[in-house]
Every structure is written in structure tokens, then in C-alpha cells.
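Engineer: First the structure, which I've put down as C-alpha cells, then a few questions once you've had a look.
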Amino acid sequence: MTKTSATVVFFGNERLATGVSTNTPVLKALIDNGYKVGAIIANYDKGSSRNVRDLEVASVAKQHDIPLLLPNKLEDIKTQLQDIGATVGVLVAYGKMVPQSIIDIFPHGIINLHPSLLPLHRGPTPLESVILGGSSKTGVSLMQLAKAMDAGSIYAQSELELTGTETKQALADILLDIGTAMIIDLMPGILSGSVVSAPQDETAASYDSLIKKEDGTLDWSKPAEQLEREIRAYAEWPKSRLALPGKEVVVTKAHVASGNGPVGTIWRDGKSFGIYTAQNILVIDRLKPAGKQDMSAEAFLAGYQLG
């Protein structure tokens, strides 16, 4: 393993999508490969749904005695960042735009791990968007951070073929592992200048929208296939909610079955149940009633009468 004495500043929490958790592989790999992490900068707002849990990067900061900074504005810590004297910044899911004045502090700029094949899926929800769209592939782009959103030039990309069954958490884990390997492999070349970046094709750029809490309400006027994708894309937040008589539940896993009936009504077959949609049946496999643990549909039916 090649060791280095380069100092980096790490930006972000490594949560590639809202509601996912992380074991912080990028940050740990930088430390394990000899990079000195001068500070960890995170965007942490206890009022935000993404951040109601403790930051995983905070545990790494504590374990390795690395300063953890949680500024409202990066300009507030500009002098502190300058004093660190870092060669480069590394950014993984920071969640806020970084001013050019902060990027310019670092001789080699800031390297950003973005979980899509840029210029496709710029913006805050690339994982959710590829699941919702039924995409056949996605990937990771290692790019030079620029002031404009996800518009920086690209050092390298790695593609991932999708099965169409990925949950948001599973996809985040896979892409983060891919990105970690890319950073460790390419960082020495980026710092030496032997790895150079290339501009994105602006004419091919696409942008993903923010997801809203109300998006988690299952809409039976949609096809069952689309609703099944929503359940995987909206896991943990905003979650996919189903109103049953006298009870609201969060659907955590479902599959599509052939069949048609009055849209929005309950389909029942022995120990299974689902809802008729605009096209086919959304069969509920697992669900979480309010105040209860996640359970199978069979276990739920054992204690609840659908009527």
C-alpha cells in the first residue's frame, strides 16, 4: 500500500440519499491510506429529515481526533480552513453548494464523488431518480467540484448495471464502495497531475428534483410497477404510506402481480393482500404499522382484519 503525507479536508456525511446510513468507507479509506485529514466539515441540521440521526462521520472524527466542524456557512470558517494548509478537499454528500472562494483554498481544488453518470442526474436525488425511472444502469463520477451544481469536469466514471430490484440503501452502499475505490486509486495521479479531468457535455445534462414528504403517499392511479419503484426509492424517507381502514401503515416491500379490479380497493388471496392499481396489483410483502416493528404481510393479517 502506497502511503502519502498529503493533507485533505473532508466535506460531507457520506449519506448518498435521504434516509440512508453509511459506514463512511471513503473517510476511513483516506485515513487507512495515510492521508492526514485536517478537518471534517459536515452540514448537520437537526431539523432536516436527512440528519435526525447522529452523524456517522462524527464517530470517525472522535476516534481519530479530527476536528469536526458544522458551520452554517462555509465562509464562516474560511480562515480556519486556510490555516489547515490542506492540499486538496474531498467531498461526499455535503448537501450545500460550496462557494468558489472555499474551493480556491485548496491547490488541487475539491474532488467530488457524485453517484450518477454525469451529466445525467445532476442534483440532490440521483439514487431515487434512477430507481423511479427504472434505469438499466447508473454509476459514480469523480469530478472536480465547481461552483455550478454538479457541473465540474470529470476525472473518471464507473458504471453499474442495475437489476431493477435495488433498494435505496443497497444502491447507496454499492455506489459508495465503488467511489471509495476510485478515490484511493486516482488520488495520487490527481495530486501529481498525471490524471486530468475533462469537461462535461452540457447539452446532455439532466437535473433531478427534490423529493417532498407528500410524494410518499401511494397513488393508486399509477401502475403497480411504478408504485413498487417508489417503495424502494422512498425507503426511510419520505416512506410509502398506505391508509387501511382505521390504520395507516408504511409499506417497506412489495411486488407486482397481474390482475385488475376497482382502483384503490383491496385484493386478498389467503395470507396475502394488495391493492388494485391503474395497472395490475401491488402486493404488499412487508409493512410497518404506526408504533410497530416492520413485519410480513402474513404476520400483519394475523392481527388485523381487513374487513
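Quick note on naming: the chains in the C-alpha cells go A, B, ... in the order shown, residues restart at 1 in each chain, and ligands are numbered from 1 in order of appearance.
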Need the shell around segment 181-184 of chain A: protein/DNA/RNA residues with any atom at most 9 Å away, counting only C-alpha atoms. Skip same-chain ones fewer than 5 positions apart. Format as a list in words?
Structural biologist: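 Counting only the stated atoms, we get Val26, Ala29, Leu30, Asn33, Val90, Ile111, Leu113, Val140, Leu142, Ala156, Gln157, Ser158 and Leu176 of chain A.
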Engineer: Counting only C-alpha atoms, give me one row per residue of segment 84-186 of chain A with an atom at most 9 Å from an atom of segment 220-237 of chain A, showing the shortest contact pair and its distance in Å to one decimal, sorted by chain then residue number, as a tab-separated table.
Structural biologist:
residue	atom	partner	partner_atom	distance
A:Leu127	CA	A:Ala233	CA	7.5
A:Glu128	CA	A:Ala233	CA	4.8
A:Ser129	CA	A:Ala233	CA	7.7
A:Val130	CA	A:Ala233	CA	8.7
A:Ile131	CA	A:Ala233	CA	5.8
A:Leu132	CA	A:Arg229	CA	5.3
A:Gly133	CA	A:Arg229	CA	8.1
A:Gly134	CA	A:Arg229	CA	7.5
A:Gly164	CA	A:Arg229	CA	8.4
A:Thr165	CA	A:Arg232	CA	8.0
A:Glu166	CA	A:Arg232	CA	7.1
A:Thr167	CA	A:Arg232	CA	4.7
A:Lys168	CA	A:Ala233	CA	5.4
A:Gln169	CA	A:Ala235	CA	7.9
Engineer: When distances are computed from only C-alpha atoms, which of A:Met143, A:Ile190, A:Ala39, A:Pro199 shows the smallest separation from Ala61 of chain A?
Structural biologist: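 That would be A:Ala39, the residue with the smallest distance to Ala61 of chain A.
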Engineer: Under the rule that only C-alpha atoms are counted, which of A:Glu161, A:Ser192, A:Ala243, A:Glu248 is the nearest residue to Gly264 of chain A?
Structural biologist: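 Between A:Glu161, A:Ser192, A:Ala243, A:Glu248, the residue approaching Gly264 of chain A most closely is A:Ala243.
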Engineer: Report the residues of segment 38-125 of chain A whose backbone DSSP state falls under helix (DSSP H, G or I), written as a PyMOL selection string.
Structural biologist: chain A and resi 49-51+56-63+74-84+100-103
Engineer: Produce a file of the selected residues containing C-alpha atoms, as a PDB file, in the first residue's frame.
Structural biologist:
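Here's the written file out.pdb:
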ATOM      1  CA  SER A  49     -35.042  14.673   7.871  1.00  0.00           C
ATOM      2  CA  ARG A  50     -31.720  13.558   6.477  1.00  0.00           C
ATOM      3  CA  ASN A  51     -29.909  14.415   9.667  1.00  0.00           C
ATOM      4  CA  GLU A  56     -21.521   8.585  11.290  1.00  0.00           C
ATOM      5  CA  VAL A  57     -18.555  10.788  10.328  1.00  0.00           C
ATOM      6  CA  ALA A  58     -18.655  12.231  13.846  1.00  0.00           C
ATOM      7  CA  SER A  59     -17.663   8.839  15.242  1.00  0.00           C
ATOM      8  CA  VAL A  60     -14.670   8.718  12.901  1.00  0.00           C
ATOM      9  CA  ALA A  61     -13.708  12.247  13.899  1.00  0.00           C
ATOM     10  CA  LYS A  62     -13.786  11.328  17.563  1.00  0.00           C
ATOM     11  CA  GLN A  63     -11.895   8.064  17.084  1.00  0.00           C
ATOM     12  CA  LEU A  74     -18.507  27.797   4.889  1.00  0.00           C
ATOM     13  CA  GLU A  75     -17.343  31.391   4.679  1.00  0.00           C
ATOM     14  CA  ASP A  76     -17.525  31.473   8.481  1.00  0.00           C
ATOM     15  CA  ILE A  77     -14.618  29.006   8.702  1.00  0.00           C
ATOM     16  CA  LYS A  78     -12.604  30.213   5.705  1.00  0.00           C
ATOM     17  CA  THR A  79      -9.649  31.358   7.800  1.00  0.00           C
ATOM     18  CA  GLN A  80      -9.673  28.105   9.752  1.00  0.00           C
ATOM     19  CA  LEU A  81      -9.603  26.116   6.524  1.00  0.00           C
ATOM     20  CA  GLN A  82      -6.753  28.194   5.183  1.00  0.00           C
ATOM     21  CA  ASP A  83      -4.749  27.586   8.363  1.00  0.00           C
ATOM     22  CA  ILE A  84      -5.036  23.796   7.902  1.00  0.00           C
ATOM     23  CA  GLN A 100     -15.644  29.276  -5.243  1.00  0.00           C
ATOM     24  CA  SER A 101     -13.742  31.162  -2.547  1.00  0.00           C
ATOM     25  CA  ILE A 102     -13.654  27.937  -0.497  1.00  0.00           C
ATOM     26  CA  ILE A 103     -12.743  25.726  -3.457  1.00  0.00           C
TER      27      ILE A 103
END
Engineer: Quick one: pick out all strand (DSSP E) residues within segment 103-211 of chain A from a backbone DSSP run and write them as a VMD selection string.
Structural biologist: chain A and resid 110 to 114 137 to 144 154 to 161
Engineer: Store the residues picked out above, limited to N, CA and C atoms, as a PDB file, in the first residue's frame.
Structural biologist:
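After the write, selection19.pdb holds the following:
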ATOM      1  N   ILE A 110     -11.312  20.725  -4.937  1.00  0.00           N
ATOM      2  CA  ILE A 110     -12.081  19.744  -4.164  1.00  0.00           C
ATOM      3  C   ILE A 110     -12.548  18.650  -5.117  1.00  0.00           C
ATOM      4  N   ILE A 111     -12.273  17.403  -4.752  1.00  0.00           N
ATOM      5  CA  ILE A 111     -12.699  16.247  -5.537  1.00  0.00           C
ATOM      6  C   ILE A 111     -14.054  15.791  -5.009  1.00  0.00           C
ATOM      7  N   ASN A 112     -15.026  15.702  -5.912  1.00  0.00           N
ATOM      8  CA  ASN A 112     -16.390  15.384  -5.517  1.00  0.00           C
ATOM      9  C   ASN A 112     -16.781  14.006  -6.047  1.00  0.00           C
ATOM     10  N   LEU A 113     -17.287  13.155  -5.165  1.00  0.00           N
ATOM     11  CA  LEU A 113     -17.868  11.874  -5.564  1.00  0.00           C
ATOM     12  C   LEU A 113     -19.359  12.100  -5.774  1.00  0.00           C
ATOM     13  N   HIS A 114     -19.811  11.934  -7.021  1.00  0.00           N
ATOM     14  CA  HIS A 114     -21.240  12.106  -7.324  1.00  0.00           C
ATOM     15  C   HIS A 114     -21.810  10.775  -7.802  1.00  0.00           C
ATOM     16  N   LYS A 137     -28.905   1.259 -15.793  1.00  0.00           N
ATOM     17  CA  LYS A 137     -27.569   1.430 -15.243  1.00  0.00           C
ATOM     18  C   LYS A 137     -27.452   2.783 -14.570  1.00  0.00           C
ATOM     19  N   THR A 138     -26.473   2.890 -13.701  1.00  0.00           N
ATOM     20  CA  THR A 138     -26.076   4.163 -13.115  1.00  0.00           C
ATOM     21  C   THR A 138     -24.577   4.061 -12.878  1.00  0.00           C
ATOM     22  N   GLY A 139     -24.059   4.813 -11.940  1.00  0.00           N
ATOM     23  CA  GLY A 139     -22.623   4.743 -11.700  1.00  0.00           C
ATOM     24  C   GLY A 139     -22.141   5.847 -10.793  1.00  0.00           C
ATOM     25  N   VAL A 140     -20.833   6.028 -10.794  1.00  0.00           N
ATOM     26  CA  VAL A 140     -20.178   7.033  -9.965  1.00  0.00           C
ATOM     27  C   VAL A 140     -19.308   7.907 -10.849  1.00  0.00           C
ATOM     28  N   SER A 141     -19.374   9.202 -10.624  1.00  0.00           N
ATOM     29  CA  SER A 141     -18.496  10.152 -11.301  1.00  0.00           C
ATOM     30  C   SER A 141     -17.583  10.797 -10.270  1.00  0.00           C
ATOM     31  N   LEU A 142     -16.295  10.790 -10.558  1.00  0.00           N
ATOM     32  CA  LEU A 142     -15.321  11.500  -9.729  1.00  0.00           C
ATOM     33  C   LEU A 142     -14.988  12.773 -10.478  1.00  0.00           C
ATOM     34  N   MET A 143     -15.290  13.899  -9.870  1.00  0.00           N
ATOM     35  CA  MET A 143     -15.234  15.157 -10.596  1.00  0.00           C
ATOM     36  C   MET A 143     -14.549  16.249  -9.794  1.00  0.00           C
ATOM     37  N   GLN A 144     -14.179  17.275 -10.509  1.00  0.00           N
ATOM     38  CA  GLN A 144     -13.605  18.466  -9.905  1.00  0.00           C
ATOM     39  C   GLN A 144     -14.757  19.382  -9.515  1.00  0.00           C
ATOM     40  N   ILE A 154     -14.739  16.049 -15.231  1.00  0.00           N
ATOM     41  CA  ILE A 154     -14.748  14.691 -14.685  1.00  0.00           C
ATOM     42  C   ILE A 154     -13.385  14.024 -14.829  1.00  0.00           C
ATOM     43  N   TYR A 155     -12.918  13.450 -13.716  1.00  0.00           N
ATOM     44  CA  TYR A 155     -11.680  12.669 -13.731  1.00  0.00           C
ATOM     45  C   TYR A 155     -11.926  11.252 -14.239  1.00  0.00           C
ATOM     46  N   ALA A 156     -12.990  10.635 -13.784  1.00  0.00           N
ATOM     47  CA  ALA A 156     -13.265   9.248 -14.158  1.00  0.00           C
ATOM     48  C   ALA A 156     -14.698   8.901 -13.796  1.00  0.00           C
ATOM     49  N   GLN A 157     -15.221   7.863 -14.465  1.00  0.00           N
ATOM     50  CA  GLN A 157     -16.545   7.334 -14.159  1.00  0.00           C
ATOM     51  C   GLN A 157     -16.488   5.811 -14.106  1.00  0.00           C
ATOM     52  N   SER A 158     -17.393   5.237 -13.334  1.00  0.00           N
ATOM     53  CA  SER A 158     -17.514   3.784 -13.259  1.00  0.00           C
ATOM     54  C   SER A 158     -18.994   3.430 -13.344  1.00  0.00           C
ATOM     55  N   GLU A 159     -19.345   2.529 -14.263  1.00  0.00           N
ATOM     56  CA  GLU A 159     -20.745   2.171 -14.475  1.00  0.00           C
ATOM     57  C   GLU A 159     -21.155   0.989 -13.605  1.00  0.00           C
ATOM     58  N   LEU A 160     -22.440   0.952 -13.277  1.00  0.00           N
ATOM     59  CA  LEU A 160     -23.032  -0.155 -12.536  1.00  0.00           C
ATOM     60  C   LEU A 160     -24.324  -0.565 -13.228  1.00  0.00           C
ATOM     61  N   GLU A 161     -24.407  -1.831 -13.643  1.00  0.00           N
ATOM     62  CA  GLU A 161     -25.645  -2.350 -14.205  1.00  0.00           C
ATOM     63  C   GLU A 161     -26.648  -2.593 -13.074  1.00  0.00           C
TER      64      GLU A 161
END
Engineer: Quick one: residues within 9 Å of segment 4-11 of chain A, only C-alpha atoms counted, chain neighbours fewer than 6 positions away excluded, as a list in words?
Structural biologist: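 With the cut-off at 9 Å, the set is Leu27, Leu30, Asn33, Gly34, Tyr35, Lys36, Val37, Gly38, Ala39, Ile40, Ile41, Ala42, Asn43, Leu81, Ile84, Gly85, Ala86, Thr87, Val88, Gly89, Val90, Leu91, Val92, Ala93, Tyr94, Phe106, Ile110, Pro188 and Leu191 of chain A.
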Engineer: Using only C-alpha atoms, which protein or nucleic acid residues come within 10 Å of Met97 of chain A? Drop anything in the same chain fewer than 2 positions from it, and give the result as a list in words.
Structural biologist: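 That gives Lys73, Leu74, Tyr94, Gly95, Pro99, Gln100, Leu145, Ala146, Lys147, Ala148, Met149 and Asp150 of chain A.
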Engineer: Work out how far apart atom CA of Val283 of chain A and atom CA of Ala302 of chain A are and give it in Å to one decimal.
Structural biologist: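 Atom-to-atom, atom CA of Val283 of chain A and atom CA of Ala302 of chain A are spaced 16.6 Å apart.
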Engineer: Under the rule that only C-alpha atoms are counted, which of A:Thr180, A:Asn13, A:Ser296, A:Ser153 is the nearest residue to Ala198 of chain A?
Structural biologist: A:Ser153
Engineer: Would you work out the distance separating atom CA of Ala278 of chain A from atom CA of Leu210 of chain A, expressed in Å to one decimal?
Structural biologist: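 Spanning atom CA of Ala278 of chain A to atom CA of Leu210 of chain A is a straight-line distance of 25.4 Å.
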Engineer: Any idea what the distance is between atom CA of Met295 of chain A and atom CA of Thr252 of chain A?
Structural biologist: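 Between atom CA of Met295 of chain A and atom CA of Thr252 of chain A the gap works out to 9.0 Å.
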Engineer: Please list as a list in words every residue within 10 Å of Glu202 of chain A, counting only C-alpha atoms and excluding residues in the same chain fewer than 5 positions away.
Structural biologist: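 Listing them by chain and then by number gives Leu118, Pro119, Leu120 and Ala151 of chain A.
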Engineer: Hey, which of A:Leu244, A:Leu16, A:Leu218, A:Ile66 ends up closest to Pro126 of chain A? Count only C-alpha atoms.
Structural biologist: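 The answer is A:Leu16, which sits nearest to Pro126 of chain A.
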